[in-house]
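Chemist: One structure, as structure tokens, below. Some questions next.
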Amino acid sequence: MLHALVRTPAEPFSCARRLLHSAAAPLFKETGLYGFDHLKSAKGFQRMVDDAIERSNELVNYIAGMPSAPEIIRSMDEISDTVCTTIDSAELCRHTHPDREFVEEASRASLRLNEYLHGDLGYLYLDLKSRKGKHPICAHFAIKGGRRISETDYQLPIVALVCNFSGSNFASVHLHHSDVETLFHEFGHALHSLLSRTDYQHFSGTRVVLDFAETPSNLFEYYAWDYRVLRKFAKHNLTGDPIPEKLVQSLIGAKNMFAATELQRQVFYALIDQALHTMQPSSVKDTVSIVADLKREHTSWKYVEGTHWHTRFSHLVTYGAGYYSYLYAKCFAATIWQKMLQQDPLSPAAGSALRSKFLQHGGAKDPTVILNDLVGNCVVRKQNGGIIPDITSLGEEMQLFNSS
Ligand SMILES: [Zn+2]
């Protein structure tokens, strides 16, 4: 299909004069602003930038495998043509259009193309190895949130991932599969921070409502269990052979063996969290008996007398009455994975949709709107005046439903 990438050669040009012939063109509803079909409405700038970036990437890949000089020059010219047409339209519109929506969309288009051309999305620091005296956690920290500084400039986010992986040195890194899963989880948080483009820092990346905060991280965990992804980097340390598919299947088998028990445990934790933060019993009750009662009522396991592990369960403090959001995230992530990524986890189109419809909004857009835009109205349900996740995808994945 490479021949399809080379279009009719364009004449030599510079960005500044690309629009001279059409700069004064009035807004024709039939043809779009400046004669561009996409610009029949202000939102068309988003599509125009998407197309320009996609086409430029195609051309760069094409050029990379191209020995012939005239073809390279033709392709380079088309990149400039594609990108500059969009930049010029956006700049002209920003400075001259009377409609506020057009001006705002044109500013956004300039901002995105600026970012595309200059390359940096943000800064990510990795401190992954355990060492003496280090805080024993695996976590994502937003050191500086992204924010819009001016109409065309953006403050790039700075993020750190701090983990405690053992048994590795930098010459030869050996991670357990559970470490890989953790790394993907934290990297999901990092991408949320790095790819969000919000006006204010307070809505940047992971600064979303708690019910939604763990969704990107849970979604990226799926990548750690997918053979098509693992074989790309998980290699034998001596032979360099990719991880055997059979081994991945048996890892998945071991995970599935206790999946329902694990889910029940998470429901139990969420119930404890809700009970301790919301119940107002008429008679005073100690936390040990509350936990013991919930365990008897909601799990398949007996409470072990004399134990009080929940006093060390720090999520009860840090997630106060919000631990259930991990379960919400599991449901949302399962739906997104099944609807968008399961068929091809490395699909550029799906990745681009994840970025533009989900991650880039940080906390600046209602999560239900984000989710519906992303995967349709199969992802949340209304119940008792509130909104809850649809459990269909997670249930199917875990084979919880009786097929008869
Ligand atoms: Zn997390």
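Identifiers in this document derive from the order of the structure tokens: chains are assigned A, B, ..., residues are numbered from 1 separately in each chain, and ligands are numbered from 1 in order of occurrence.
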Neighbours of ligand 1 within 9 Å, counting only C-alpha atoms and all ligand atoms, as a ChimeraX atom specification?
Modeler: /A:138-140,182,185-186,188-189,213-218,326
Chemist: Counting only C-alpha atoms, which of A:Cys378, A:Ala69, A:Leu210, A:Leu354 gets nearest to Tyr323 of chain A?
Modeler: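 Residue with the minimum atom-to-atom distance to Tyr323 of chain A: A:Leu210.
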Chemist: With 12 Å as the cut-off and only C-alpha atoms counted, what is the closest atom pair between each nearby residue of segment 254-332 of chain A and segment 358-374 of chain A? Distances in Å to one decimal, ordered by chain and number, as a tab-separated table.
Modeler:
residue	atom	partner	partner_atom	distance
A:Tyr328	CA	A:Pro367	CA	11.9
A:Ala329	CA	A:Leu371	CA	11.5
A:Cys331	CA	A:Leu371	CA	11.7
A:Phe332	CA	A:Leu371	CA	8.1
Chemist: Near Arg94 of chain A, counting only C-alpha atoms, which residues have an atom at most 8 Å away, once you skip same-chain residues fewer than 5 positions from it, shown as JSON, numbers by chain?
Modeler: {"A": [102, 103, 104, 106, 107]}
Chemist: Within 10 Å of Leu126 of chain A, counting only C-alpha atoms, which residues show up once you throw out same-chain ones fewer than 4 positions away? Write them as a short mmCIF file (atom, residue, chain, number, x, y, z; two decimals) with N, CA and C atoms, in the first residue's frame, please.
Modeler:
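Full text of out_0.cif as output:
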data_model
loop_
_atom_site.label_atom_id
_atom_site.label_comp_id
_atom_site.auth_asym_id
_atom_site.auth_seq_id
_atom_site.Cartn_x
_atom_site.Cartn_y
_atom_site.Cartn_z
N HIS A 140 2.54 6.84 41.85
CA HIS A 140 2.73 7.90 40.84
C HIS A 140 2.60 9.24 41.56
N VAL A 159 6.20 14.30 36.11
CA VAL A 159 5.64 13.16 36.84
C VAL A 159 6.78 12.27 37.32
N ALA A 160 6.59 11.64 38.47
CA ALA A 160 7.58 10.64 38.93
C ALA A 160 6.87 9.34 39.27
N LEU A 161 7.48 8.23 38.85
CA LEU A 161 7.00 6.92 39.30
C LEU A 161 8.01 6.38 40.28
N VAL A 162 7.55 6.11 41.48
CA VAL A 162 8.44 5.57 42.51
C VAL A 162 7.98 4.15 42.84
N CYS A 163 8.87 3.19 42.59
CA CYS A 163 8.52 1.79 42.88
C CYS A 163 9.63 1.18 43.74
#
Chemist: Would you please give, as an NGL selection string, all residues of segment 25-127 of chain A that DSSP assigns to alpha helix (DSSP H) based on the backbone?
Modeler: :A and (44-64 or 69-96 or 100-118)
Chemist: Would you please extract all strand (DSSP E) residues from segment 124-328 of chain A, as assigned by DSSP on the backbone, and give them as a list in words?
Modeler: Leu124, Tyr125, Leu126, Asp127, Leu128, Lys129, Ala139, His140, Phe141, Ala142, Ile143, Lys144, Arg147, Arg148, Tyr154, Gln155, Ile158, Val159, Ala160, Leu161, Val162, Cys163, Asn164 and Phe165 of chain A
Chemist: Emit the selected residues as an mmCIF file, in the first residue's frame, including C-alpha atoms.
Modeler:
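So the final result, stored in result-v6.cif, reads:
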data_model
loop_
_atom_site.group_PDB
_atom_site.id
_atom_site.type_symbol
_atom_site.label_atom_id
_atom_site.label_comp_id
_atom_site.auth_asym_id
_atom_site.auth_seq_id
_atom_site.Cartn_x
_atom_site.Cartn_y
_atom_site.Cartn_z
ATOM 1 C CA LEU A 124 8.723 11.436 33.517
ATOM 2 C CA TYR A 125 11.179 10.519 36.291
ATOM 3 C CA LEU A 126 11.597 6.845 37.144
ATOM 4 C CA ASP A 127 12.884 5.700 40.529
ATOM 5 C CA LEU A 128 12.057 2.011 40.304
ATOM 6 C CA LYS A 129 14.597 0.094 42.402
ATOM 7 C CA ALA A 139 3.143 5.127 43.370
ATOM 8 C CA HIS A 140 2.726 7.897 40.839
ATOM 9 C CA PHE A 141 3.446 11.482 41.867
ATOM 10 C CA ALA A 142 2.454 14.543 39.844
ATOM 11 C CA ILE A 143 5.293 16.941 40.658
ATOM 12 C CA LYS A 144 3.921 19.647 38.411
ATOM 13 C CA ARG A 147 -1.895 23.825 32.484
ATOM 14 C CA ARG A 148 -2.535 26.230 29.711
ATOM 15 C CA TYR A 154 1.227 24.821 27.636
ATOM 16 C CA GLN A 155 3.056 24.143 30.899
ATOM 17 C CA ILE A 158 6.316 16.610 35.434
ATOM 18 C CA VAL A 159 5.643 13.163 36.841
ATOM 19 C CA ALA A 160 7.579 10.644 38.935
ATOM 20 C CA LEU A 161 6.997 6.924 39.296
ATOM 21 C CA VAL A 162 8.437 5.567 42.511
ATOM 22 C CA CYS A 163 8.525 1.788 42.881
ATOM 23 C CA ASN A 164 10.428 -0.753 44.934
ATOM 24 C CA PHE A 165 11.417 -3.511 42.549
#
Chemist: Can you work out which one of A:Ala224, A:Val291, A:Leu341, A:Ala321 has the shortest atom-to-atom distance to Trp309 of chain A, counting only C-alpha atoms?
Modeler: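 Of A:Ala224, A:Val291, A:Leu341, A:Ala321, the one nearest Trp309 of chain A, counting only C-alpha atoms, is A:Val291.
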Chemist: What does the distance between atom CA of Leu400 of chain A and atom CA of Lys302 of chain A come to in Å, to one decimal place?
Modeler: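 Atom-to-atom, atom CA of Leu400 of chain A and atom CA of Lys302 of chain A are spaced 22.7 Å apart.
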Chemist: For atom CA of Asp99 of chain A and atom CA of Phe45 of chain A, determine how far apart the two atoms are, in Å to one decimal place.
Modeler: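 Between atom CA of Asp99 of chain A and atom CA of Phe45 of chain A the gap is 13.8 Å.
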Chemist: So that I can see what lies close to His277 of chain A, please list as a short mmCIF file (atom, residue, chain, number, x, y, z; two decimals) with N, CA and C atoms, in the first residue's frame the residues with an atom at most 9 Å from it, counting only C-alpha atoms and leaving out residues fewer than 5 positions away in the same chain.
Modeler:
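Ended up saving to result-v8.cif:
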data_model
loop_
_atom_site.label_atom_id
_atom_site.label_comp_id
_atom_site.auth_asym_id
_atom_site.auth_seq_id
_atom_site.Cartn_x
_atom_site.Cartn_y
_atom_site.Cartn_z
N ILE A 272 -16.05 -2.77 54.19
CA ILE A 272 -15.48 -2.32 55.47
C ILE A 272 -15.30 -0.81 55.45
N LEU A 316 -7.91 2.65 54.21
CA LEU A 316 -9.07 3.14 54.96
C LEU A 316 -8.91 4.62 55.28
N GLY A 320 -10.49 7.03 52.33
CA GLY A 320 -11.67 7.20 53.18
C GLY A 320 -13.01 7.18 52.47
N ALA A 321 -13.76 6.09 52.59
CA ALA A 321 -15.09 5.91 51.98
C ALA A 321 -15.04 5.87 50.46
#
Chemist: For Ser352 of chain A, list every protein, DNA or RNA residue within 12 Å, evaluated using only C-alpha atoms, and leave out those in the same chain fewer than 3 positions away; present the list as a list in words.
Modeler: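 In the requested form, the answer reads Asp50, Asp51, Ile53, Glu54, Leu195, Met340, Leu341, Pro345, Leu346, Ser347, Pro348, Ala349, Arg355, Ser356, Lys357, Phe358, Leu359, Gln360 and Leu374 of chain A.
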Chemist: Please measure the separation of atom CA of Val375 of chain A and atom CA of Thr392 of chain A, giving the value in Å to one decimal.
Modeler: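 Answer for the atom CA of Val375 of chain A to atom CA of Thr392 of chain A separation: 13.4 Å.
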Chemist: Of the candidates A:Leu113, A:Pro157, A:His236, A:Gly145, which shows the shortest atom-to-atom distance to His202 of chain A, using only C-alpha atoms?
Modeler: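 Closest to His202 of chain A of all the choices is A:Gly145.
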Chemist: Near segment 241-248 of chain A, within 10 Å and counting only C-alpha atoms, which residues show up once chain neighbours fewer than 6 positions away are dropped, as a ChimeraX atom specification?
Modeler: /A:177,224-228,230-235,254
